[in-house]
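Engineer: Sharing work_7.pdb below, PDB, C-alpha atoms, pLDDT in the B column:
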ATOM      1  CA  MET A   1     -26.260  -8.001 -15.873  1.00 61.00           C
ATOM      2  CA  THR A   2     -26.105 -11.652 -14.807  1.00 72.00           C
ATOM      3  CA  GLU A   3     -28.667 -13.421 -12.587  1.00 75.00           C
ATOM      4  CA  SER A   4     -26.188 -13.715  -9.709  1.00 77.00           C
ATOM      5  CA  LYS A   5     -25.417 -10.000  -9.737  1.00 79.00           C
ATOM      6  CA  LYS A   6     -29.155  -9.199  -9.728  1.00 79.00           C
ATOM      7  CA  LYS A   7     -29.682 -11.503  -6.754  1.00 78.00           C
ATOM      8  CA  ILE A   8     -26.833  -9.873  -4.829  1.00 78.00           C
ATOM      9  CA  LEU A   9     -28.253  -6.400  -5.475  1.00 82.00           C
ATOM     10  CA  GLU A  10     -31.733  -7.572  -4.444  1.00 80.00           C
ATOM     11  CA  MET A  11     -30.305  -8.978  -1.195  1.00 78.00           C
ATOM     12  CA  LEU A  12     -28.577  -5.649  -0.583  1.00 78.00           C
ATOM     13  CA  ALA A  13     -31.789  -3.718  -1.289  1.00 80.00           C
ATOM     14  CA  LYS A  14     -33.651  -5.924   1.208  1.00 76.00           C
ATOM     15  CA  ASN A  15     -30.889  -5.284   3.803  1.00 74.00           C
ATOM     16  CA  ARG A  16     -30.140  -8.997   4.048  1.00 74.00           C
ATOM     17  CA  ILE A  17     -26.454  -8.325   3.440  1.00 76.00           C
ATOM     18  CA  SER A  18     -24.232  -5.332   4.108  1.00 74.00           C
ATOM     19  CA  ALA A  19     -22.714  -3.126   1.394  1.00 76.00           C
ATOM     20  CA  ASP A  20     -19.296  -4.695   2.124  1.00 74.00           C
ATOM     21  CA  ASP A  21     -20.670  -8.207   1.668  1.00 76.00           C
ATOM     22  CA  ALA A  22     -22.362  -7.150  -1.573  1.00 78.00           C
ATOM     23  CA  TYR A  23     -19.116  -5.652  -2.849  1.00 77.00           C
ATOM     24  CA  ARG A  24     -17.212  -8.823  -2.020  1.00 77.00           C
ATOM     25  CA  LEU A  25     -19.830 -11.053  -3.631  1.00 79.00           C
ATOM     26  CA  LEU A  26     -19.887  -8.899  -6.771  1.00 80.00           C
ATOM     27  CA  SER A  27     -16.074  -9.007  -6.932  1.00 77.00           C
ATOM     28  CA  ALA A  28     -16.207 -12.799  -6.563  1.00 76.00           C
ATOM     29  CA  VAL A  29     -18.752 -13.055  -9.387  1.00 77.00           C
ATOM     30  CA  ASP A  30     -16.579 -10.814 -11.569  1.00 76.00           C
ATOM     31  CA  ALA A  31     -13.480 -12.879 -10.778  1.00 67.00           C
ATOM     32  CA  GLU A  32     -15.361 -16.085 -11.610  1.00 65.00           C
ATOM     33  CA  GLN A  33     -16.488 -14.634 -14.919  1.00 65.00           C
ATOM     34  CA  GLY A  34     -12.912 -13.487 -15.612  1.00 54.00           C
ATOM     35  CA  THR A  35     -11.575 -16.999 -14.978  1.00 49.00           C
ATOM     36  CA  GLY A  36     -14.317 -18.392 -17.232  1.00 48.00           C
ATOM     37  CA  GLY A  37     -13.172 -15.983 -19.904  1.00 45.00           C
ATOM     38  CA  ASN A  38      -9.605 -17.219 -19.575  1.00 45.00           C
ATOM     39  CA  GLU A  39     -10.822 -20.798 -19.847  1.00 44.00           C
ATOM     40  CA  ALA A  40     -12.741 -19.916 -22.991  1.00 44.00           C
ATOM     41  CA  ARG A  41      -9.678 -18.224 -24.419  1.00 42.00           C
ATOM     42  CA  GLY A  42      -7.592 -21.258 -23.461  1.00 44.00           C
ATOM     43  CA  ASN A  43      -9.999 -23.584 -25.261  1.00 45.00           C
ATOM     44  CA  GLU A  44     -10.015 -21.266 -28.281  1.00 42.00           C
ATOM     45  CA  ARG A  45      -6.202 -21.415 -28.376  1.00 41.00           C
ATOM     46  CA  ARG A  46      -6.155 -25.175 -27.939  1.00 43.00           C
ATOM     47  CA  ASP A  47      -8.567 -25.544 -30.888  1.00 44.00           C
ATOM     48  CA  ASN A  48      -6.247 -23.465 -33.023  1.00 43.00           C
ATOM     49  CA  PRO A  49      -3.049 -25.381 -33.970  1.00 42.00           C
ATOM     50  CA  GLY A  50      -1.128 -22.103 -34.161  1.00 41.00           C
ATOM     51  CA  TYR A  51      -1.641 -21.611 -30.412  1.00 39.00           C
ATOM     52  CA  GLU A  52      -0.780 -25.194 -29.475  1.00 38.00           C
ATOM     53  CA  ASN A  53       2.319 -24.303 -27.505  1.00 42.00           C
ATOM     54  CA  THR A  54       0.872 -21.222 -25.900  1.00 39.00           C
ATOM     55  CA  ALA A  55      -2.308 -22.792 -24.488  1.00 41.00           C
ATOM     56  CA  THR A  56      -2.906 -21.628 -20.933  1.00 43.00           C
ATOM     57  CA  LYS A  57      -4.397 -23.531 -18.061  1.00 44.00           C
ATOM     58  CA  GLY A  58      -7.323 -21.180 -17.499  1.00 46.00           C
ATOM     59  CA  SER A  59      -8.574 -22.906 -14.380  1.00 48.00           C
ATOM     60  CA  GLU A  60      -5.169 -22.500 -12.708  1.00 49.00           C
ATOM     61  CA  VAL A  61      -5.077 -18.750 -13.235  1.00 55.00           C
ATOM     62  CA  LYS A  62      -5.298 -17.161  -9.800  1.00 59.00           C
ATOM     63  CA  THR A  63      -5.636 -13.431  -9.416  1.00 67.00           C
ATOM     64  CA  LYS A  64      -3.058 -11.929  -7.097  1.00 74.00           C
ATOM     65  CA  PRO A  65      -4.501 -10.287  -3.994  1.00 79.00           C
ATOM     66  CA  LYS A  66      -4.274  -6.514  -4.260  1.00 84.00           C
ATOM     67  CA  TYR A  67      -5.544  -5.248  -0.936  1.00 88.00           C
ATOM     68  CA  LEU A  68      -5.810  -6.374   2.652  1.00 89.00           C
ATOM     69  CA  ARG A  69      -9.123  -5.239   4.081  1.00 91.00           C
ATOM     70  CA  VAL A  70     -10.059  -4.884   7.725  1.00 92.00           C
ATOM     71  CA  THR A  71     -13.614  -3.938   8.556  1.00 92.00           C
ATOM     72  CA  VAL A  72     -15.241  -3.466  11.925  1.00 91.00           C
ATOM     73  CA  THR A  73     -19.003  -3.133  11.895  1.00 90.00           C
ATOM     74  CA  PRO A  74     -20.720  -2.199  15.156  1.00 86.00           C
ATOM     75  CA  ASP A  75     -23.820  -3.971  16.393  1.00 81.00           C
ATOM     76  CA  PRO A  76     -26.717  -2.318  14.491  1.00 76.00           C
ATOM     77  CA  GLU A  77     -28.922  -2.547  17.606  1.00 77.00           C
ATOM     78  CA  LYS A  78     -26.455  -0.597  19.741  1.00 74.00           C
ATOM     79  CA  GLN A  79     -25.494   2.990  19.070  1.00 72.00           C
ATOM     80  CA  GLY A  80     -22.086   4.639  19.382  1.00 71.00           C
ATOM     81  CA  GLY A  81     -19.894   1.812  18.166  1.00 78.00           C
ATOM     82  CA  ASP A  82     -16.873   2.471  15.975  1.00 84.00           C
ATOM     83  CA  LYS A  83     -17.132   1.686  12.305  1.00 89.00           C
ATOM     84  CA  VAL A  84     -13.736   0.977  10.754  1.00 92.00           C
ATOM     85  CA  ASN A  85     -12.877   0.275   7.165  1.00 93.00           C
ATOM     86  CA  VAL A  86      -9.177  -0.070   6.308  1.00 94.00           C
ATOM     87  CA  ARG A  87      -7.771  -1.046   2.938  1.00 93.00           C
ATOM     88  CA  VAL A  88      -4.025  -1.639   2.767  1.00 91.00           C
ATOM     89  CA  PRO A  89      -2.364  -2.262  -0.603  1.00 90.00           C
ATOM     90  CA  MET A  90      -0.372  -5.488  -0.749  1.00 86.00           C
ATOM     91  CA  SER A  91       2.536  -3.539  -2.229  1.00 85.00           C
ATOM     92  CA  LEU A  92       2.728  -1.537   1.016  1.00 87.00           C
ATOM     93  CA  ILE A  93       2.757  -4.749   3.060  1.00 84.00           C
ATOM     94  CA  ARG A  94       5.514  -6.094   0.807  1.00 81.00           C
ATOM     95  CA  ALA A  95       7.522  -2.883   1.274  1.00 81.00           C
ATOM     96  CA  GLY A  96       6.990  -3.059   5.029  1.00 80.00           C
ATOM     97  CA  LEU A  97       8.111  -6.665   5.235  1.00 76.00           C
ATOM     98  CA  LYS A  98      11.229  -5.863   3.244  1.00 73.00           C
ATOM     99  CA  MET A  99      12.083  -3.207   5.805  1.00 76.00           C
ATOM    100  CA  THR A 100      12.839  -5.912   8.332  1.00 74.00           C
ATOM    101  CA  ALA A 101      16.413  -5.367   7.133  1.00 72.00           C
ATOM    102  CA  LEU A 102      16.310  -2.109   9.092  1.00 76.00           C
ATOM    103  CA  ILE A 103      15.604  -3.872  12.369  1.00 79.00           C
ATOM    104  CA  PRO A 104      18.782  -3.896  14.471  1.00 78.00           C
ATOM    105  CA  PRO A 105      20.181  -7.351  15.363  1.00 79.00           C
ATOM    106  CA  GLU A 106      19.676  -6.648  19.079  1.00 83.00           C
ATOM    107  CA  ALA A 107      15.937  -6.239  18.516  1.00 85.00           C
ATOM    108  CA  LEU A 108      15.828  -9.500  16.553  1.00 85.00           C
ATOM    109  CA  ASP A 109      17.624 -11.249  19.422  1.00 87.00           C
ATOM    110  CA  LYS A 110      15.041  -9.849  21.834  1.00 90.00           C
ATOM    111  CA  ALA A 111      12.217 -11.041  19.556  1.00 88.00           C
ATOM    112  CA  ASN A 112      13.792 -14.499  19.387  1.00 87.00           C
ATOM    113  CA  SER A 113      14.136 -14.741  23.157  1.00 90.00           C
ATOM    114  CA  ALA A 114      10.546 -13.487  23.637  1.00 91.00           C
ATOM    115  CA  LEU A 115       9.339 -16.185  21.236  1.00 89.00           C
ATOM    116  CA  LYS A 116      11.401 -18.787  23.106  1.00 90.00           C
ATOM    117  CA  ASP A 117       9.813 -17.678  26.386  1.00 90.00           C
ATOM    118  CA  LYS A 118       6.414 -18.359  24.816  1.00 87.00           C
ATOM    119  CA  GLY A 119       7.582 -21.827  23.798  1.00 87.00           C
ATOM    120  CA  ILE A 120       8.162 -20.998  20.130  1.00 86.00           C
ATOM    121  CA  ASN A 121      11.632 -22.053  19.075  1.00 84.00           C
ATOM    122  CA  PHE A 122      12.006 -19.977  15.933  1.00 82.00           C
ATOM    123  CA  ASP A 123      14.781 -17.743  14.612  1.00 82.00           C
ATOM    124  CA  VAL A 124      13.284 -14.579  13.090  1.00 79.00           C
ATOM    125  CA  ARG A 125      16.541 -14.016  11.165  1.00 78.00           C
ATOM    126  CA  SER A 126      15.932 -17.185   9.164  1.00 80.00           C
ATOM    127  CA  ILE A 127      13.010 -15.582   7.302  1.00 78.00           C
ATOM    128  CA  THR A 128      14.049 -15.023   3.683  1.00 78.00           C
ATOM    129  CA  PRO A 129      12.454 -12.676   1.094  1.00 74.00           C
ATOM    130  CA  GLU A 130      11.142 -15.809  -0.677  1.00 80.00           C
ATOM    131  CA  ASP A 131       9.394 -16.874   2.538  1.00 80.00           C
ATOM    132  CA  LEU A 132       7.779 -13.451   2.793  1.00 76.00           C
ATOM    133  CA  GLU A 133       6.610 -13.624  -0.811  1.00 77.00           C
ATOM    134  CA  GLU A 134       5.073 -17.043  -0.130  1.00 81.00           C
ATOM    135  CA  LEU A 135       3.424 -15.668   2.987  1.00 78.00           C
ATOM    136  CA  ILE A 136       1.851 -12.816   1.012  1.00 76.00           C
ATOM    137  CA  GLU A 137       0.664 -15.253  -1.671  1.00 78.00           C
ATOM    138  CA  ALA A 138      -0.910 -17.402   1.033  1.00 79.00           C
ATOM    139  CA  LEU A 139      -2.774 -14.404   2.413  1.00 77.00           C
ATOM    140  CA  GLY A 140      -5.052 -14.704  -0.624  1.00 76.00           C
ATOM    141  CA  ASP A 141      -6.765 -17.689   0.976  1.00 76.00           C
ATOM    142  CA  MET A 142      -7.118 -16.052   4.363  1.00 79.00           C
ATOM    143  CA  GLU A 143     -10.361 -14.809   5.842  1.00 84.00           C
ATOM    144  CA  VAL A 144     -10.930 -13.958   9.475  1.00 87.00           C
ATOM    145  CA  ASP A 145     -14.430 -13.385  10.746  1.00 88.00           C
ATOM    146  CA  VAL A 146     -14.830 -12.498  14.426  1.00 89.00           C
ATOM    147  CA  GLU A 147     -17.881 -11.412  16.355  1.00 85.00           C
ATOM    148  CA  GLY A 148     -16.976  -9.461  19.482  1.00 79.00           C
ATOM    149  CA  GLY A 149     -18.650  -9.523  22.870  1.00 78.00           C
ATOM    150  CA  LYS A 150     -20.317  -6.173  22.202  1.00 77.00           C
ATOM    151  CA  GLY A 151     -21.875  -7.440  18.983  1.00 80.00           C
ATOM    152  CA  GLU A 152     -19.310  -5.842  16.668  1.00 85.00           C
ATOM    153  CA  LYS A 153     -18.195  -7.836  13.642  1.00 88.00           C
ATOM    154  CA  VAL A 154     -14.534  -7.842  12.616  1.00 91.00           C
ATOM    155  CA  LYS A 155     -13.557  -9.083   9.194  1.00 91.00           C
ATOM    156  CA  VAL A 156     -10.051  -9.436   7.813  1.00 90.00           C
ATOM    157  CA  PHE A 157      -9.735 -10.569   4.232  1.00 88.00           C
ATOM    158  CA  VAL A 158      -7.914  -9.884   0.988  1.00 86.00           C
ATOM    159  CA  GLU A 159      -9.408  -8.825  -2.318  1.00 83.00           C
TER
ATOM    160  CA  MET B   1       5.974  -1.655 -11.271  1.00 62.00           C
ATOM    161  CA  ASN B   2       3.326   0.204  -9.325  1.00 75.00           C
ATOM    162  CA  ARG B   3       2.365   3.725 -10.210  1.00 84.00           C
ATOM    163  CA  PRO B   4       3.288   6.277  -7.542  1.00 87.00           C
ATOM    164  CA  PRO B   5       0.551   7.884  -5.432  1.00 91.00           C
ATOM    165  CA  MET B   6      -0.682  11.222  -6.692  1.00 92.00           C
ATOM    166  CA  LEU B   7      -2.753  12.685  -3.889  1.00 93.00           C
ATOM    167  CA  MET B   8      -3.587  12.040  -0.276  1.00 94.00           C
ATOM    168  CA  HIS B   9      -6.977  13.098   1.016  1.00 94.00           C
ATOM    169  CA  VAL B  10      -7.375  13.629   4.741  1.00 94.00           C
ATOM    170  CA  LYS B  11     -10.816  14.504   6.077  1.00 94.00           C
ATOM    171  CA  ILE B  12     -11.795  15.001   9.695  1.00 92.00           C
ATOM    172  CA  LYS B  13     -15.421  15.623  10.448  1.00 91.00           C
ATOM    173  CA  ASN B  14     -17.031  16.156  13.845  1.00 87.00           C
ATOM    174  CA  LYS B  15     -19.551  18.433  15.526  1.00 84.00           C
ATOM    175  CA  ASP B  16     -17.216  21.438  15.554  1.00 84.00           C
ATOM    176  CA  ASN B  17     -14.979  20.850  12.551  1.00 85.00           C
ATOM    177  CA  ASP B  18     -15.273  19.809   8.972  1.00 88.00           C
ATOM    178  CA  PHE B  19     -11.681  19.803   7.829  1.00 88.00           C
ATOM    179  CA  GLY B  20     -10.385  18.342   4.611  1.00 92.00           C
ATOM    180  CA  ILE B  21      -7.044  18.605   2.862  1.00 94.00           C
ATOM    181  CA  TRP B  22      -5.619  17.271  -0.392  1.00 95.00           C
ATOM    182  CA  ILE B  23      -1.864  16.660  -0.226  1.00 93.00           C
ATOM    183  CA  PRO B  24      -0.037  16.346  -3.566  1.00 94.00           C
ATOM    184  CA  ILE B  25       2.221  13.431  -2.629  1.00 91.00           C
ATOM    185  CA  ILE B  26       3.658  13.181  -6.128  1.00 91.00           C
ATOM    186  CA  LEU B  27       5.032  16.726  -5.842  1.00 93.00           C
ATOM    187  CA  LEU B  28       6.513  16.038  -2.413  1.00 91.00           C
ATOM    188  CA  LEU B  29       8.001  12.808  -3.748  1.00 89.00           C
ATOM    189  CA  LEU B  30       9.561  14.605  -6.708  1.00 91.00           C
ATOM    190  CA  ILE B  31      10.951  17.353  -4.457  1.00 93.00           C
ATOM    191  CA  ALA B  32      12.404  14.728  -2.104  1.00 90.00           C
ATOM    192  CA  LEU B  33      13.908  12.900  -5.068  1.00 90.00           C
ATOM    193  CA  ALA B  34      15.468  16.131  -6.332  1.00 93.00           C
ATOM    194  CA  VAL B  35      16.881  16.876  -2.857  1.00 93.00           C
ATOM    195  CA  VAL B  36      18.387  13.373  -2.631  1.00 90.00           C
ATOM    196  CA  ILE B  37      19.931  13.755  -6.103  1.00 92.00           C
ATOM    197  CA  VAL B  38      21.372  17.190  -5.225  1.00 95.00           C
ATOM    198  CA  LEU B  39      22.716  15.886  -1.933  1.00 92.00           C
ATOM    199  CA  SER B  40      23.964  12.610  -3.417  1.00 91.00           C
ATOM    200  CA  PRO B  41      27.658  13.720  -3.528  1.00 93.00           C
ATOM    201  CA  LEU B  42      27.485  14.605   0.167  1.00 92.00           C
ATOM    202  CA  ILE B  43      25.678  11.363   0.980  1.00 89.00           C
ATOM    203  CA  LEU B  44      28.282   9.411  -0.975  1.00 90.00           C
ATOM    204  CA  LEU B  45      31.098  11.226   0.842  1.00 92.00           C
ATOM    205  CA  ALA B  46      29.454  10.546   4.198  1.00 90.00           C
ATOM    206  CA  LEU B  47      29.087   6.872   3.290  1.00 88.00           C
ATOM    207  CA  ILE B  48      32.747   6.604   2.253  1.00 90.00           C
ATOM    208  CA  ILE B  49      33.840   8.240   5.526  1.00 91.00           C
ATOM    209  CA  MET B  50      31.566   5.889   7.486  1.00 89.00           C
ATOM    210  CA  LEU B  51      33.061   2.884   5.690  1.00 88.00           C
ATOM    211  CA  MET B  52      36.604   4.146   6.314  1.00 90.00           C
ATOM    212  CA  VAL B  53      35.917   4.738  10.012  1.00 90.00           C
ATOM    213  CA  GLY B  54      34.422   1.277  10.323  1.00 87.00           C
ATOM    214  CA  TRP B  55      30.766   2.196  10.639  1.00 87.00           C
ATOM    215  CA  GLU B  56      29.602  -0.221   7.922  1.00 85.00           C
ATOM    216  CA  ARG B  57      26.399  -0.918   9.758  1.00 83.00           C
ATOM    217  CA  TRP B  58      25.436   2.779   9.918  1.00 84.00           C
ATOM    218  CA  ALA B  59      26.325   3.256   6.241  1.00 86.00           C
ATOM    219  CA  ARG B  60      24.083   0.320   5.328  1.00 84.00           C
ATOM    220  CA  LEU B  61      21.296   1.650   7.554  1.00 83.00           C
ATOM    221  CA  THR B  62      21.513   5.134   5.998  1.00 83.00           C
ATOM    222  CA  LEU B  63      21.188   3.757   2.479  1.00 85.00           C
ATOM    223  CA  LEU B  64      18.408   1.372   3.491  1.00 84.00           C
ATOM    224  CA  SER B  65      16.488   4.145   5.272  1.00 84.00           C
ATOM    225  CA  ILE B  66      16.524   6.399   2.203  1.00 85.00           C
ATOM    226  CA  TRP B  67      15.432   3.497   0.014  1.00 85.00           C
ATOM    227  CA  ALA B  68      12.768   2.382   2.520  1.00 85.00           C
ATOM    228  CA  ALA B  69      11.272   5.870   2.765  1.00 85.00           C
ATOM    229  CA  PHE B  70      10.852   6.094  -1.009  1.00 86.00           C
ATOM    230  CA  VAL B  71       9.545   2.559  -1.409  1.00 87.00           C
ATOM    231  CA  SER B  72       6.970   2.921   1.351  1.00 87.00           C
ATOM    232  CA  VAL B  73       5.622   6.210  -0.006  1.00 88.00           C
ATOM    233  CA  TRP B  74       5.627   4.781  -3.538  1.00 88.00           C
ATOM    234  CA  ALA B  75       3.595   1.764  -2.400  1.00 89.00           C
ATOM    235  CA  MET B  76       0.920   3.781  -0.629  1.00 90.00           C
ATOM    236  CA  ARG B  77      -1.370   4.100  -3.639  1.00 90.00           C
ATOM    237  CA  GLY B  78      -4.760   2.591  -2.769  1.00 90.00           C
ATOM    238  CA  LEU B  79      -4.406   2.944   0.997  1.00 93.00           C
ATOM    239  CA  GLU B  80      -7.703   3.832   2.615  1.00 94.00           C
ATOM    240  CA  VAL B  81      -8.567   4.329   6.274  1.00 94.00           C
ATOM    241  CA  ASN B  82     -12.105   5.159   7.255  1.00 94.00           C
ATOM    242  CA  VAL B  83     -12.970   5.391  10.945  1.00 93.00           C
ATOM    243  CA  GLN B  84     -16.338   6.569  12.149  1.00 90.00           C
ATOM    244  CA  ASN B  85     -18.037   6.769  15.513  1.00 85.00           C
ATOM    245  CA  SER B  86     -20.905   8.792  16.858  1.00 82.00           C
ATOM    246  CA  HIS B  87     -18.715  11.916  17.268  1.00 85.00           C
ATOM    247  CA  ASP B  88     -15.997  11.824  14.630  1.00 89.00           C
ATOM    248  CA  HIS B  89     -15.433  10.637  11.117  1.00 91.00           C
ATOM    249  CA  ILE B  90     -11.866  10.371   9.841  1.00 93.00           C
ATOM    250  CA  ILE B  91     -11.001   9.482   6.283  1.00 94.00           C
ATOM    251  CA  VAL B  92      -7.494   9.060   4.888  1.00 94.00           C
ATOM    252  CA  SER B  93      -7.192   7.897   1.320  1.00 93.00           C
ATOM    253  CA  VAL B  94      -4.273   7.808  -1.077  1.00 93.00           C
ATOM    254  CA  ILE B  95      -5.034   7.883  -4.773  1.00 90.00           C
TER
END
Could I get this file's structure written as structure tokens?
Structural biologist:
Amino acid sequence: MTESKKKILEMLAKNRISADDAYRLLSAVDAEQGTGGNEARGNERRDNPGYENTATKGSEVKTKPKYLRVTVTPDPEKQGGDKVNVRVPMSLIRAGLKMTALIPPEALDKANSALKDKGINFDVRSITPEDLEELIEALGDMEVDVEGGKGEKVKVFVE
Amino acid sequence: MNRPPMLMHVKIKNKDNDFGIWIPIILLLLIALAVVIVLSPLILLALIIMLMVGWERWARLTLLSIWAAFVSVWAMRGLEVNVQNSHDHIIVSVI
């Protein structure tokens, strides 16, 4: 076990971080080690003339996000709050986005006019499957952290 | 390609009830697939009639709906919903 993993587990044991935070930190450490491994393999290949053409750019390897997570943690000082933990596979989001083809044109027109009313001049029909794929890729860098008025913490992130 | 979901676990726990059920999605998916294959001549006939009558849009929607239903169920593997408050605890997970 690495030093960083030990530290994370110690922080969890001392209740300084939540189990979700610990899981995320451990995943990040694992991902970092994985990327390091790729770099090492890349260097190994570069050193070997036989692998000259197949050398990979280890540092550019980016793991694809697999799940969208939404967690709601109630204020620990207050009782009765809702605790929510939702994990949605990216493949399901992809499938859902592709189903926009099922939306009738009338509904798309209504959505367009509603957007126009809000001052957004955008045609929903112009969204292509490539745009959606880019959008999903970009979700990998997204993290939303909100603290509500009642002390609840809402986190939206991908892993 | 993703692997299809095998089971869905639904658990509802509160003061009065402690209910849990395992649903074999893979079996339901296979049965649905078999039904679609058996009914495919009828579906094809219906689509041809729709195209002849001029209902291209409905024909397209029918095909897309069948495809969408399969794709969405197929992509559910890994879905997890866990909601808990002071009274109830609901867990839905697809594995």
Engineer: Could you please determine the separation between CA of Ala34 (chain B) and CA of Ser65 (chain B) in Å, to one decimal place?
Structural biologist: 16.7 Å
Engineer: Return as a list in words the residues belonging to chain A that are within 8 Å of chain B, counting only C-alpha atoms.
Structural biologist: Gln79, Gly80, Gly81, Asp82, Lys83, Val84, Asn85, Val86, Arg87, Val88, Pro89, Ser91, Leu92, Ala95, Gly96, Met99, Ala101 and Leu102 of chain A
Engineer: Could you tell me how far CA of His9 (chain B) sits from CA of Ile26 (chain B), in Å to one decimal place?
Structural biologist: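 Here the two named atoms are 12.8 Å from each other.
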Engineer: Which one of A:Glu10, A:Ala19, A:Arg24, A:Glu159 sits closest to Met90 (chain A) if you count only C-alpha atoms?
Structural biologist: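 Nearest candidate to Met90 (chain A) out of A:Glu10, A:Ala19, A:Arg24, A:Glu159: A:Glu159.
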Engineer: For a test of reading the model, state the distance in Å between CA of Val156 (chain A) and CA of Val72 (chain A), rounded to one decimal.
Structural biologist: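 Between CA of Val156 (chain A) and CA of Val72 (chain A) the gap works out to 8.9 Å.
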Engineer: If you apply the PyMOL selection byres ((chain A and resi 141) around 12) to this file, what residues do you get, as an MDAnalysis selection string?
Structural biologist: chainID A and resid 62:65 68 134:140 142:144 156:159
